[in-house]
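Enquirer: What follows is query.tsv, TSV, C-alpha atoms.
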```tsv
chain	number	residue	atom	x	y	z
A	164	LEU	CA	262.81	82.05	97.89
A	165	SER	CA	264.49	81.07	101.16
A	166	ILE	CA	267.56	79.77	99.31
A	167	VAL	CA	267.89	82.99	97.31
A	168	ILE	CA	267.62	85.16	100.41
A	169	ALA	CA	270.11	82.98	102.29
A	170	LEU	CA	272.67	83.07	99.47
A	171	ARG	CA	272.36	86.83	99.08
A	172	ALA	CA	272.44	87.59	102.83
A	173	PRO	CA	275.60	89.13	104.34
A	174	TRP	CA	277.28	87.09	107.00
A	175	SER	CA	279.31	89.92	108.55
A	176	GLU	CA	277.93	90.42	112.05
A	177	GLY	CA	276.05	93.64	112.76
A	178	GLN	CA	276.39	95.27	109.31
A	179	CYS	CA	273.78	95.48	106.60
A	180	GLY	CA	274.79	94.03	103.26
A	181	SER	CA	273.30	97.02	101.43
A	182	GLY	CA	275.16	99.49	103.62
A	183	GLN	CA	271.95	100.91	105.08
A	184	GLY	CA	273.19	101.32	108.66
A	185	GLU	CA	273.46	98.89	111.54
A	186	VAL	CA	271.20	95.93	112.29
A	187	GLN	CA	268.68	96.69	115.04
A	188	ASP	CA	267.57	93.71	117.10
A	189	PHE	CA	264.03	95.04	117.57
A	190	VAL	CA	262.18	97.84	115.82
A	191	LEU	CA	258.95	99.08	117.42
A	192	SER	CA	256.85	101.19	115.05
A	193	ARG	CA	253.39	101.38	113.52
A	194	LYS	CA	254.67	99.31	110.62
A	195	LEU	CA	255.05	96.36	112.99
A	196	PHE	CA	251.27	96.22	113.40
A	197	THR	CA	250.74	96.27	109.63
A	198	SER	CA	253.16	93.37	109.18
A	199	LEU	CA	251.95	91.12	112.00
A	200	PRO	CA	248.56	90.42	110.34
A	201	ILE	CA	250.29	89.27	107.16
A	202	PHE	CA	252.38	86.94	109.30
A	203	CYS	CA	249.17	85.59	110.86
A	204	PHE	CA	247.66	85.21	107.40
A	205	ALA	CA	250.60	82.99	106.43
A	206	PHE	CA	249.41	80.32	108.86
A	207	ASN	CA	245.97	80.06	107.28
A	208	CYS	CA	247.08	76.96	105.41
A	209	GLN	CA	244.85	75.25	107.97
A	210	VAL	CA	241.86	75.80	105.66
A	211	GLN	CA	243.02	72.64	103.87
A	212	PHE	CA	243.13	70.64	107.10
A	213	ILE	CA	239.83	68.79	106.71
A	214	PRO	CA	240.23	67.87	102.98
A	215	ILE	CA	243.74	66.54	103.65
A	216	VAL	CA	242.73	64.57	106.74
A	217	ASN	CA	239.85	63.04	104.76
A	218	GLU	CA	242.45	61.58	102.39
A	219	PHE	CA	244.15	59.70	105.23
A	220	SER	CA	243.53	55.94	105.14
A	221	ASP	CA	244.03	55.84	108.91
A	222	ALA	CA	243.51	59.30	110.44
A	223	THR	CA	244.68	58.56	113.96
A	224	VAL	CA	245.24	61.33	116.49
A	225	ALA	CA	249.00	60.70	116.42
A	226	ARG	CA	249.23	60.96	112.61
A	227	VAL	CA	247.09	64.09	112.43
A	228	ARG	CA	249.08	65.71	115.26
A	229	ALA	CA	252.35	64.87	113.48
A	230	LEU	CA	251.00	66.37	110.23
A	231	VAL	CA	249.93	69.63	111.89
A	232	SER	CA	253.16	69.94	113.90
A	233	LEU	CA	255.40	69.34	110.87
A	234	THR	CA	253.42	71.67	108.60
A	235	MET	CA	253.29	74.59	111.03
A	236	SER	CA	256.94	74.14	111.98
A	237	LEU	CA	258.04	74.31	108.33
A	238	VAL	CA	255.88	77.38	107.67
A	239	CYS	CA	257.19	79.15	110.78
A	240	LEU	CA	260.81	78.26	109.98
A	241	ALA	CA	260.53	79.50	106.39
A	242	TYR	CA	258.96	82.83	107.35
A	243	CYS	CA	261.38	83.47	110.21
A	244	LEU	CA	264.39	82.73	108.00
A	245	ASP	CA	263.11	84.90	105.15
A	246	ALA	CA	262.31	87.79	107.49
A	247	ALA	CA	265.58	87.67	109.43
A	248	LEU	CA	267.93	87.15	106.49
A	249	GLY	CA	266.05	89.64	104.33
A	250	TYR	CA	266.30	92.30	107.03
A	251	VAL	CA	270.02	91.86	107.72
A	252	THR	CA	270.60	92.19	103.98
A	253	PHE	CA	268.71	95.46	103.41
A	254	CYS	CA	267.81	96.82	106.90
A	255	GLY	CA	266.09	100.20	106.57
A	256	SER	CA	265.65	99.84	102.81
A	257	THR	CA	263.79	96.52	103.06
A	258	LYS	CA	260.63	96.66	100.92
A	259	ASN	CA	257.29	95.02	101.66
A	260	ASN	CA	258.02	92.40	99.00
A	261	ILE	CA	261.59	91.27	99.62
A	262	LEU	CA	261.98	90.27	95.96
A	263	ASP	CA	261.63	93.93	94.95
A	264	ASN	CA	264.96	94.62	96.65
A	265	TYR	CA	266.87	92.42	94.23
A	266	SER	CA	268.05	93.54	90.80
A	267	ASN	CA	266.07	92.50	87.74
A	268	ALA	CA	269.35	91.16	86.36
A	269	ASP	CA	269.94	88.89	89.37
A	270	GLU	CA	269.59	85.35	87.99
A	271	LEU	CA	268.79	83.83	91.39
A	272	ALA	CA	266.15	86.49	92.01
A	273	ILE	CA	264.59	85.82	88.61
A	274	PHE	CA	264.40	82.12	89.44
A	275	ALA	CA	262.78	82.97	92.80
A	276	ARG	CA	260.21	85.24	91.12
A	277	VAL	CA	259.25	82.52	88.62
A	278	ALA	CA	258.98	79.96	91.44
A	279	PHE	CA	256.89	82.37	93.50
A	280	VAL	CA	254.48	82.92	90.61
A	281	ALA	CA	254.16	79.15	90.16
A	282	ILE	CA	253.38	78.74	93.86
A	283	LEU	CA	250.64	81.39	93.70
A	284	VAL	CA	249.14	79.99	90.49
A	285	PHE	CA	248.82	76.47	91.88
A	286	SER	CA	248.14	77.25	95.55
A	287	PHE	CA	245.24	79.69	95.28
A	288	PRO	CA	242.91	77.19	93.57
A	289	LEU	CA	243.75	74.73	96.37
A	290	TYR	CA	243.18	77.45	98.93
A	291	CYS	CA	239.71	77.97	97.48
A	292	THR	CA	238.77	74.29	97.70
A	293	ALA	CA	237.18	74.73	101.13
A	294	ILE	CA	235.20	77.75	99.90
A	295	VAL	CA	233.99	75.90	96.81
A	296	SER	CA	232.96	72.87	98.87
A	297	SER	CA	231.02	75.02	101.34
A	298	VAL	CA	229.18	77.00	98.66
A	299	ASP	CA	228.49	73.83	96.67
A	300	SER	CA	226.94	72.14	99.71
A	301	LEU	CA	224.68	75.15	100.21
A	302	LEU	CA	223.57	74.91	96.57
A	303	GLY	CA	222.68	71.23	96.75
A	304	GLY	CA	225.84	69.29	97.38
A	305	GLU	CA	226.41	65.95	95.66
A	306	GLY	CA	224.11	65.09	92.84
A	307	GLN	CA	223.34	65.91	89.25
A	308	GLY	CA	225.38	68.83	87.97
A	309	SER	CA	227.60	68.96	91.06
A	310	ASP	CA	230.88	68.66	89.14
A	311	ARG	CA	229.87	71.35	86.68
A	312	ARG	CA	228.71	73.60	89.51
A	313	ARG	CA	231.97	73.14	91.43
A	314	SER	CA	234.00	73.92	88.30
A	315	SER	CA	231.98	77.08	87.71
A	316	LEU	CA	232.37	78.17	91.34
A	317	ALA	CA	236.13	77.56	91.26
A	318	ALA	CA	236.51	79.49	88.00
A	319	ALA	CA	234.47	82.41	89.38
A	320	ILE	CA	236.42	82.62	92.64
A	321	VAL	CA	239.89	82.28	91.12
A	322	GLY	CA	238.94	84.58	88.25
A	323	SER	CA	237.72	87.30	90.61
A	324	MET	CA	241.00	87.04	92.53
A	325	ALA	CA	242.95	87.44	89.29
A	326	ILE	CA	240.95	90.55	88.38
A	327	ILE	CA	241.46	92.14	91.79
A	328	VAL	CA	245.22	91.51	91.67
A	329	THR	CA	245.44	92.87	88.12
A	330	VAL	CA	243.50	96.06	88.89
A	331	ASN	CA	245.10	96.71	92.31
A	332	PRO	CA	248.71	95.40	92.32
A	333	PRO	CA	249.70	96.76	95.80
A	334	LEU	CA	247.72	94.51	98.12
A	335	GLU	CA	249.56	95.15	101.39
A	336	SER	CA	246.56	96.81	103.00
A	337	VAL	CA	244.15	94.15	101.74
A	338	LEU	CA	246.38	91.32	102.99
A	339	GLY	CA	246.93	93.20	106.24
A	340	LEU	CA	243.20	93.56	106.89
A	341	THR	CA	242.59	89.96	105.85
A	342	GLY	CA	245.22	88.82	108.30
A	343	ALA	CA	244.02	91.13	111.07
A	344	ILE	CA	240.41	89.99	110.78
A	345	GLY	CA	240.44	86.52	109.29
A	346	GLY	CA	243.95	85.45	110.24
A	347	CYS	CA	243.71	86.39	113.91
A	348	ALA	CA	240.24	84.87	114.12
A	349	LEU	CA	241.27	81.54	112.58
A	350	VAL	CA	244.62	81.25	114.36
A	351	TYR	CA	243.77	82.59	117.82
A	352	VAL	CA	240.12	83.49	118.49
A	353	PHE	CA	238.17	80.54	117.06
A	354	PRO	CA	240.49	77.79	118.40
A	355	GLY	CA	240.21	79.21	121.91
A	356	ILE	CA	236.42	79.51	121.71
A	357	PHE	CA	235.94	76.09	120.10
A	358	TYR	CA	238.19	74.40	122.64
A	359	GLU	CA	236.29	75.92	125.54
A	360	ARG	CA	232.99	74.93	123.95
A	361	ALA	CA	234.17	71.36	123.30
A	362	ARG	CA	235.51	71.10	126.86
A	363	MET	CA	232.10	72.03	128.24
A	364	MET	CA	230.23	69.59	125.99
A	365	GLU	CA	232.65	66.63	126.11
A	366	PRO	CA	235.01	67.13	129.07
A	367	LYS	CA	236.25	63.51	129.02
A	368	THR	CA	237.34	63.50	125.36
A	369	VAL	CA	239.01	66.92	125.20
A	370	GLY	CA	242.71	67.41	125.96
A	371	GLN	CA	244.14	68.67	129.21
A	372	ILE	CA	244.93	72.24	128.11
A	373	PRO	CA	243.99	74.65	130.94
A	374	PRO	CA	240.74	76.49	130.09
A	375	GLU	CA	242.36	79.77	131.14
A	376	LEU	CA	244.95	79.33	128.38
A	377	ALA	CA	242.23	78.86	125.77
A	378	LYS	CA	240.42	81.99	126.95
A	379	LEU	CA	243.69	83.95	126.97
A	380	LEU	CA	244.39	82.80	123.41
A	381	ALA	CA	241.00	84.06	122.21
A	382	ILE	CA	241.37	87.40	124.02
A	383	PHE	CA	244.89	87.88	122.65
A	384	GLY	CA	243.67	87.25	119.10
A	385	ALA	CA	240.78	89.68	119.46
A	386	VAL	CA	243.00	92.44	120.86
A	387	LEU	CA	245.69	91.87	118.23
A	388	GLY	CA	243.20	91.82	115.36
A	389	LEU	CA	241.41	94.96	116.57
A	390	THR	CA	244.66	96.87	117.15
A	391	CYS	CA	246.12	95.95	113.78
A	392	SER	CA	242.86	96.74	111.95
A	393	VAL	CA	242.63	100.21	113.49
A	394	ILE	CA	246.27	101.00	112.65
A	395	ILE	CA	245.96	99.73	109.07
A	396	LEU	CA	242.76	101.70	108.44
A	397	SER	CA	244.23	104.85	109.98
A	398	SER	CA	247.28	104.54	107.74
```
Please, can you express the file's structure as structure tokens?

Expert:
Amino acid sequence: LSIVIALRAPWSEGQCGSGQGEVQDFVLSRKLFTSLPIFCFAFNCQVQFIPIVNEFSDATVARVRALVSLTMSLVCLAYCLDAALGYVTFCGSTKNNILDNYSNADELAIFARVAFVAILVFSFPLYCTAIVSSVDSLLGGEGQGSDRRRSSLAAAIVGSMAIIVTVNPPLESVLGLTGAIGGCALVYVFPGIFYERARMMEPKTVGQIPPELAKLLAIFGAVLGLTCSVIILSS
């Protein structure tokens, strides 16, 4: 997707490739607060953190820190590039799904759509691994019938997602609310609260991040999530 957007982006400074006016460096509108939660939702790949770390043969602090830093840097870079290059290509006519701006006859866009579908098909079951593991542990965890139970749970969760997407194709509001509530909580609120709690319980083993910064992070996430939720619901 990033390659397609980059190849189709105009490189003439200050002019939209689609001819839809001039490039504006910053646009402040209500739509900004409906897009920010989706951006937060993009960083929820951290739900796979524990299963991946459990696969490490030697899960040292340095290796885990390198994994998190590399992963989040790649995600941030990809989203920033897609957003910036997509906007300078279409400006005011940019659609919520950037792929909808490209012609159905565009071979590169077709390739990107097929790749995007493949990513969704194979990533959502992985995304649900943490949910399946949690529900399975509540139902009895390891033991007789565990594999069959996990398979049934995975099929039910992924199947329900498929039904929702099929019945309600435009999911901008759903993703926006998910990002505003769950995304902001997981990315900003919970880390700040957990860090402060861990610092109080084990002050000698926790890092040297100022406690004020952790509190500010949690407050920022709560305010952002509440603001975006109100705007999305009012829209």

Enquirer: Give me, please, the distance in Å between atom CA of Ala293 of chain A and atom CA of Gln211 of chain A, quoted to one decimal.

Expert: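 Atom CA of Gln211 of chain A lies at a distance of 6.8 Å from atom CA of Ala293 of chain A.
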
Enquirer: Determine, counting only C-alpha atoms, which protein, DNA and RNA residues have an atom within 12 Å of an atom of Ser315 of chain A; residues of the same chain fewer than 5 positions away are not included. Present the result as a PyMOL selection string.

Expert: chain A and resi 295-296+298-299+308-310+320-322

Enquirer: Of the candidates A:Leu271, A:Ile261, A:Cys203, A:Ile372, which shows the shortest atom-to-atom distance to Val238 of chain A, using all atoms listed in the file?

Expert: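 Of all the options, A:Cys203 lies closest to Val238 of chain A.
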
Enquirer: In terms of the shortest atom-to-atom distance over all atoms listed in the file, which of A:Val337, A:Ile382, A:Cys254, A:Ala247 is closest to Phe353 of chain A?

Expert: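 Among A:Val337, A:Ile382, A:Cys254, A:Ala247, it is A:Ile382 that comes nearest to Phe353 of chain A.
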
Enquirer: Between A:Ile213, A:Leu389, A:Leu237, A:Leu301, which is the closest to Gly342 of chain A once you count only C-alpha atoms?

Expert: A:Leu389

Enquirer: Kindly complete segment 243-272 of chain A to N, CA and C atoms; the output should be written as a CSV table (one decimal), keeping the file's coordinate frame.

Expert:
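Result went into part.csv, see below:
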```csv
chain,number,residue,atom,x,y,z
A,243,CYS,N,260.4,82.9,109.3
A,243,CYS,CA,261.4,83.5,110.2
A,243,CYS,C,262.7,83.6,109.5
A,244,LEU,N,263.1,82.6,108.7
A,244,LEU,CA,264.4,82.7,108.0
A,244,LEU,C,264.3,83.8,106.9
A,245,ASP,N,263.2,83.9,106.2
A,245,ASP,CA,263.1,84.9,105.2
A,245,ASP,C,263.1,86.3,105.8
A,246,ALA,N,262.4,86.5,106.9
A,246,ALA,CA,262.3,87.8,107.5
A,246,ALA,C,263.6,88.2,108.1
A,247,ALA,N,264.3,87.3,108.8
A,247,ALA,CA,265.6,87.7,109.4
A,247,ALA,C,266.7,87.9,108.4
A,248,LEU,N,266.9,87.0,107.5
A,248,LEU,CA,267.9,87.2,106.5
A,248,LEU,C,267.7,88.3,105.5
A,249,GLY,N,266.4,88.5,105.2
A,249,GLY,CA,266.0,89.6,104.3
A,249,GLY,C,266.3,91.0,105.0
A,250,TYR,N,266.1,91.0,106.3
A,250,TYR,CA,266.3,92.3,107.0
A,250,TYR,C,267.8,92.6,107.2
A,251,VAL,N,268.6,91.6,107.5
A,251,VAL,CA,270.0,91.9,107.7
A,251,VAL,C,270.7,92.2,106.4
A,252,THR,N,270.0,91.9,105.3
A,252,THR,CA,270.6,92.2,104.0
A,252,THR,C,270.3,93.6,103.6
A,253,PHE,N,269.1,94.1,103.9
A,253,PHE,CA,268.7,95.5,103.4
A,253,PHE,C,268.4,96.4,104.5
A,254,CYS,N,268.1,96.0,105.7
A,254,CYS,CA,267.8,96.8,106.9
A,254,CYS,C,266.7,97.8,106.6
A,255,GLY,N,267.1,99.1,106.7
A,255,GLY,CA,266.1,100.2,106.6
A,255,GLY,C,265.5,100.3,105.2
A,256,SER,N,266.2,99.7,104.2
A,256,SER,CA,265.6,99.8,102.8
A,256,SER,C,264.9,98.6,102.4
A,257,THR,N,264.6,97.7,103.4
A,257,THR,CA,263.8,96.5,103.1
A,257,THR,C,262.4,96.9,102.6
A,258,LYS,N,262.0,96.4,101.5
A,258,LYS,CA,260.6,96.7,100.9
A,258,LYS,C,259.6,95.6,101.4
A,259,ASN,N,258.3,95.9,101.2
A,259,ASN,CA,257.3,95.0,101.7
A,259,ASN,C,257.4,93.7,101.0
A,260,ASN,N,257.7,93.6,99.7
A,260,ASN,CA,258.0,92.4,99.0
A,260,ASN,C,259.5,92.3,98.9
A,261,ILE,N,260.1,91.4,99.6
A,261,ILE,CA,261.6,91.3,99.6
A,261,ILE,C,262.2,91.1,98.2
A,262,LEU,N,261.5,90.5,97.3
A,262,LEU,CA,262.0,90.3,96.0
A,262,LEU,C,262.2,91.6,95.2
A,263,ASP,N,261.5,92.6,95.6
A,263,ASP,CA,261.6,93.9,95.0
A,263,ASP,C,263.0,94.6,95.3
A,264,ASN,N,263.7,94.1,96.3
A,264,ASN,CA,265.0,94.6,96.6
A,264,ASN,C,266.1,94.1,95.7
A,265,TYR,N,265.8,93.0,95.1
A,265,TYR,CA,266.9,92.4,94.2
A,265,TYR,C,266.8,93.0,92.8
A,266,SER,N,268.0,93.0,92.2
A,266,SER,CA,268.0,93.5,90.8
A,266,SER,C,267.3,92.6,89.8
A,267,ASN,N,266.7,93.3,88.8
A,267,ASN,CA,266.1,92.5,87.7
A,267,ASN,C,267.0,91.6,87.0
A,268,ALA,N,268.3,91.9,87.1
A,268,ALA,CA,269.4,91.2,86.4
A,268,ALA,C,269.9,90.0,87.2
A,269,ASP,N,269.5,89.9,88.5
A,269,ASP,CA,269.9,88.9,89.4
A,269,ASP,C,269.3,87.6,89.0
A,270,GLU,N,270.1,86.6,88.5
A,270,GLU,CA,269.6,85.4,88.0
A,270,GLU,C,268.9,84.6,89.1
A,271,LEU,N,269.4,84.5,90.3
A,271,LEU,CA,268.8,83.8,91.4
A,271,LEU,C,267.5,84.5,91.7
A,272,ALA,N,267.4,85.8,91.7
A,272,ALA,CA,266.2,86.5,92.0
A,272,ALA,C,265.1,86.2,90.9
```
